[in-house]
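First up is the structure itself, then whatever we jot down about it.
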Amino acid sequence: GYAPAVFYRHFPDKRAILLAAYACWVATEWEEIGAILRAEAPAPDPRARAARIAARLVPWILAHHRRWYGLRASVLALTVTDAVVRRAYLAQRRGQLDLLHDLRGQRPAVDARETDAVLLFTFERTCDALASGAAEPLGLRPARVEALLVRLLTAYLSGDRTRRPRDSSGRARAVSA
């Protein structure tokens with residue numbers, strides 16, 4: 001309902017509008033993550049608390065990605081061709097990695113920043129795939145993918161670094177560097 005001239009009083013061009021909307025999208029996501037974390041009282045069993053948080057966070061994050069899929073897709077597409085958008089996108093990623101560091105707290109972790117990045121990238125790409133409707137054509141069950149995200153986030157939040165990948169028989173595989 002606004003005339004285009006209204007936007008250009010506040011923004012120099014369309015790119016600036018897009019980047020402001022994207023920054024708002026990221027801020028909204030992390031504000032809600034913080035609110036959900038603060039709402040969950042400490043518990044004697046850290047894994048149970050982490051599971052409750054993950055069960056609330058994952059559906060919210062997925063809904064957020066679905067609602068704003070077009071915005072995210074536009075930003076991601078422009079990161080390939082527009083250096084300004086790419087710098088802004090990477091600045092947002094650095095900020096999110098800093099927030100994940102704070103979320104992880106004082107738990108020591110080998111390759112902590114890399115672990116945080118894998119969680120961030122896995123969540124973003126998986127949520128984008130679900131938001132775009134890419135799961136079903138690949139024969140994937142979206143509800144199962146969502147359940148796996150809950151498990152991944154639960155392990156991350158509880159500091160569970162003992163879980164190892166399993167082979168087809170269910171036995172833990174050795175992990176090599």
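Identifiers for the structure tokens are assigned positionally: chains receive A, B, ... in sequence, residues are indexed from 1 per chain, and ligands are indexed from 1 in the order shown.
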Need to verify the contact set: Ala143 in chain A, 12 Å, only C-alpha atoms, exclusion of same-chain residues closer than 4 positions in sequence. Can you return it as a PyMOL selection string? chain A and resi 58-59+62+127+130+135-136+147-150
Have a look at A:Ser158, A:Thr115, A:Gln96, A:Thr126 and name the one nearest to Ile33 in chain A; count only C-alpha atoms.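 Of A:Ser158, A:Thr115, A:Gln96, A:Thr126, the one nearest Ile33 in chain A is A:Gln96, counting only C-alpha atoms.
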Pick out the residues sitting within 12 Å of Arg94 in chain A, and hand them over as a PyMOL selection string; count only C-alpha atoms, and ignore anything fewer than 4 positions along from it in its own chain. chain A and resi 26+87-90+98-101+113-114+116-117+120-121
Go ahead and save the residues from that selection, with N, CA, C and O atoms, as a PDB file, in the first residue's frame.
```pdb
ATOM      1  N   VAL A  26      16.687 -12.112   9.990  1.00  0.00           N
ATOM      2  CA  VAL A  26      17.663 -12.788  10.859  1.00  0.00           C
ATOM      3  C   VAL A  26      17.452 -12.367  12.306  1.00  0.00           C
ATOM      4  O   VAL A  26      17.443 -13.207  13.214  1.00  0.00           O
ATOM      5  N   ARG A  87      28.798  -9.733   0.910  1.00  0.00           N
ATOM      6  CA  ARG A  87      29.426  -9.236   2.146  1.00  0.00           C
ATOM      7  C   ARG A  87      28.395  -9.117   3.269  1.00  0.00           C
ATOM      8  O   ARG A  87      28.676  -9.490   4.408  1.00  0.00           O
ATOM      9  N   ALA A  88      27.224  -8.610   2.954  1.00  0.00           N
ATOM     10  CA  ALA A  88      26.172  -8.473   3.975  1.00  0.00           C
ATOM     11  C   ALA A  88      25.722  -9.843   4.472  1.00  0.00           C
ATOM     12  O   ALA A  88      25.522 -10.047   5.676  1.00  0.00           O
ATOM     13  N   TYR A  89      25.579 -10.784   3.555  1.00  0.00           N
ATOM     14  CA  TYR A  89      25.182 -12.149   3.914  1.00  0.00           C
ATOM     15  C   TYR A  89      26.226 -12.785   4.827  1.00  0.00           C
ATOM     16  O   TYR A  89      25.899 -13.370   5.857  1.00  0.00           O
ATOM     17  N   LEU A  90      27.499 -12.651   4.464  1.00  0.00           N
ATOM     18  CA  LEU A  90      28.566 -13.232   5.292  1.00  0.00           C
ATOM     19  C   LEU A  90      28.664 -12.536   6.647  1.00  0.00           C
ATOM     20  O   LEU A  90      28.966 -13.183   7.653  1.00  0.00           O
ATOM     21  N   ASP A  98      28.609 -16.125  16.052  1.00  0.00           N
ATOM     22  CA  ASP A  98      28.874 -15.557  17.382  1.00  0.00           C
ATOM     23  C   ASP A  98      27.734 -15.886  18.346  1.00  0.00           C
ATOM     24  O   ASP A  98      27.974 -16.208  19.511  1.00  0.00           O
ATOM     25  N   LEU A  99      26.502 -15.823  17.860  1.00  0.00           N
ATOM     26  CA  LEU A  99      25.356 -16.169  18.711  1.00  0.00           C
ATOM     27  C   LEU A  99      25.381 -17.654  19.085  1.00  0.00           C
ATOM     28  O   LEU A  99      25.071 -18.011  20.223  1.00  0.00           O
ATOM     29  N   LEU A 100      25.755 -18.518  18.137  1.00  0.00           N
ATOM     30  CA  LEU A 100      25.865 -19.939  18.451  1.00  0.00           C
ATOM     31  C   LEU A 100      26.970 -20.181  19.476  1.00  0.00           C
ATOM     32  O   LEU A 100      26.832 -21.031  20.363  1.00  0.00           O
ATOM     33  N   HIS A 101      28.064 -19.452  19.369  1.00  0.00           N
ATOM     34  CA  HIS A 101      29.140 -19.551  20.364  1.00  0.00           C
ATOM     35  C   HIS A 101      28.593 -19.211  21.746  1.00  0.00           C
ATOM     36  O   HIS A 101      28.841 -19.920  22.726  1.00  0.00           O
ATOM     37  N   ARG A 113      34.020 -23.596  16.468  1.00  0.00           N
ATOM     38  CA  ARG A 113      33.458 -22.690  15.453  1.00  0.00           C
ATOM     39  C   ARG A 113      33.018 -23.482  14.226  1.00  0.00           C
ATOM     40  O   ARG A 113      31.982 -23.193  13.636  1.00  0.00           O
ATOM     41  N   GLU A 114      33.787 -24.487  13.849  1.00  0.00           N
ATOM     42  CA  GLU A 114      33.412 -25.322  12.717  1.00  0.00           C
ATOM     43  C   GLU A 114      32.155 -26.126  13.024  1.00  0.00           C
ATOM     44  O   GLU A 114      31.280 -26.276  12.177  1.00  0.00           O
ATOM     45  N   ASP A 116      29.799 -25.219  15.100  1.00  0.00           N
ATOM     46  CA  ASP A 116      28.709 -24.250  15.043  1.00  0.00           C
ATOM     47  C   ASP A 116      28.313 -23.978  13.593  1.00  0.00           C
ATOM     48  O   ASP A 116      27.128 -23.903  13.259  1.00  0.00           O
ATOM     49  N   ALA A 117      29.308 -23.848  12.708  1.00  0.00           N
ATOM     50  CA  ALA A 117      29.030 -23.568  11.300  1.00  0.00           C
ATOM     51  C   ALA A 117      28.283 -24.725  10.647  1.00  0.00           C
ATOM     52  O   ALA A 117      27.337 -24.505   9.881  1.00  0.00           O
ATOM     53  N   LEU A 120      24.732 -24.491  11.753  1.00  0.00           N
ATOM     54  CA  LEU A 120      24.073 -23.372  11.081  1.00  0.00           C
ATOM     55  C   LEU A 120      23.774 -23.701   9.622  1.00  0.00           C
ATOM     56  O   LEU A 120      22.637 -23.539   9.158  1.00  0.00           O
ATOM     57  N   PHE A 121      24.769 -24.185   8.891  1.00  0.00           N
ATOM     58  CA  PHE A 121      24.579 -24.486   7.468  1.00  0.00           C
ATOM     59  C   PHE A 121      23.586 -25.630   7.273  1.00  0.00           C
ATOM     60  O   PHE A 121      22.753 -25.588   6.365  1.00  0.00           O
TER      61      PHE A 121
END
```
May I ask for the distance between CA of Ala50 in chain A and CA of Ile36 in chain A, given in Å to one decimal place?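 For CA of Ala50 in chain A relative to CA of Ile36 in chain A, the distance reads 11.1 Å.
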Got a sec to tell me which of chain A DSSP assigns to helix (DSSP H, G or I), as an NGL selection string? :A and (4-10 or 14-39 or 46-67 or 69-81 or 83-104 or 112-132 or 136-138 or 142-158)
Exercise: Ala23 in chain A partners within 9 Å, only C-alpha atoms, chain neighbours under 4 positions left out, as a VMD selection string: chain A and resid 18 to 19 27 to 28 88 to 89 92
Emit the selected residues as an mmCIF file, in the first residue's frame, including N, CA, C and O atoms.
```
data_model
loop_
_atom_site.group_PDB
_atom_site.id
_atom_site.type_symbol
_atom_site.label_atom_id
_atom_site.label_comp_id
_atom_site.auth_asym_id
_atom_site.auth_seq_id
_atom_site.Cartn_x
_atom_site.Cartn_y
_atom_site.Cartn_z
ATOM 1 N N LEU A 18 16.249 -4.819 0.269
ATOM 2 C CA LEU A 18 16.366 -6.263 0.423
ATOM 3 C C LEU A 18 17.253 -6.612 1.619
ATOM 4 O O LEU A 18 16.900 -7.461 2.445
ATOM 5 N N LEU A 19 18.395 -5.949 1.735
ATOM 6 C CA LEU A 19 19.313 -6.254 2.836
ATOM 7 C C LEU A 19 18.733 -5.856 4.186
ATOM 8 O O LEU A 19 18.951 -6.551 5.186
ATOM 9 N N ALA A 27 17.267 -11.077 12.551
ATOM 10 C CA ALA A 27 17.061 -10.588 13.921
ATOM 11 C C ALA A 27 15.812 -11.195 14.535
ATOM 12 O O ALA A 27 15.817 -11.615 15.707
ATOM 13 N N THR A 28 14.741 -11.286 13.758
ATOM 14 C CA THR A 28 13.498 -11.887 14.256
ATOM 15 C C THR A 28 13.722 -13.343 14.629
ATOM 16 O O THR A 28 13.250 -13.807 15.671
ATOM 17 N N ALA A 88 27.224 -8.610 2.954
ATOM 18 C CA ALA A 88 26.172 -8.473 3.975
ATOM 19 C C ALA A 88 25.722 -9.843 4.472
ATOM 20 O O ALA A 88 25.522 -10.047 5.676
ATOM 21 N N TYR A 89 25.579 -10.784 3.555
ATOM 22 C CA TYR A 89 25.182 -12.149 3.914
ATOM 23 C C TYR A 89 26.226 -12.785 4.827
ATOM 24 O O TYR A 89 25.899 -13.370 5.857
ATOM 25 N N GLN A 92 26.112 -11.423 8.284
ATOM 26 C CA GLN A 92 25.032 -12.051 9.052
ATOM 27 C C GLN A 92 25.465 -13.432 9.543
ATOM 28 O O GLN A 92 25.190 -13.806 10.680
#
```
Out of A:Leu157, A:Ala41, A:Leu71, A:Ala5, which residue has the shortest atom-to-atom distance to Asp102 in chain A when counting only C-alpha atoms?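 Closest to Asp102 in chain A, using only C-alpha atoms: A:Leu157.
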Two-atom distance - CA of Ala131 in chain A, CA of Trp60 in chain A (Å):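 These two atoms are separated by 12.2 Å.
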What does the structure give for the distance between CA of Leu97 in chain A and CA of Trp30 in chain A, in Å to one decimal?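 Going from CA of Leu97 in chain A over to CA of Trp30 in chain A, I get 11.5 Å.
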Give the answer as one residue: which of A:Thr154, A:Thr81, A:His65, A:Leu138 has the shortest atom-to-atom distance to Glu124 in chain A, using only C-alpha atoms?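 Answer, going by the shortest atom-to-atom distance: A:His65.
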Residue nearest Ala48 in chain A among A:Gly34, A:Pro142, A:Gly159, A:Gly70 (counting only C-alpha atoms):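 Looking only at the distances to Ala48 in chain A, the closest residue turns out to be A:Gly159.
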Compare A:Gly95, A:Ala35, A:Ala129, A:Arg15 by their minimum atom-to-atom distance to Ala83 in chain A, counting only C-alpha atoms, and give me the closest one.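 Looking at the shortest contact to Ala83 in chain A, the residue is A:Arg15.
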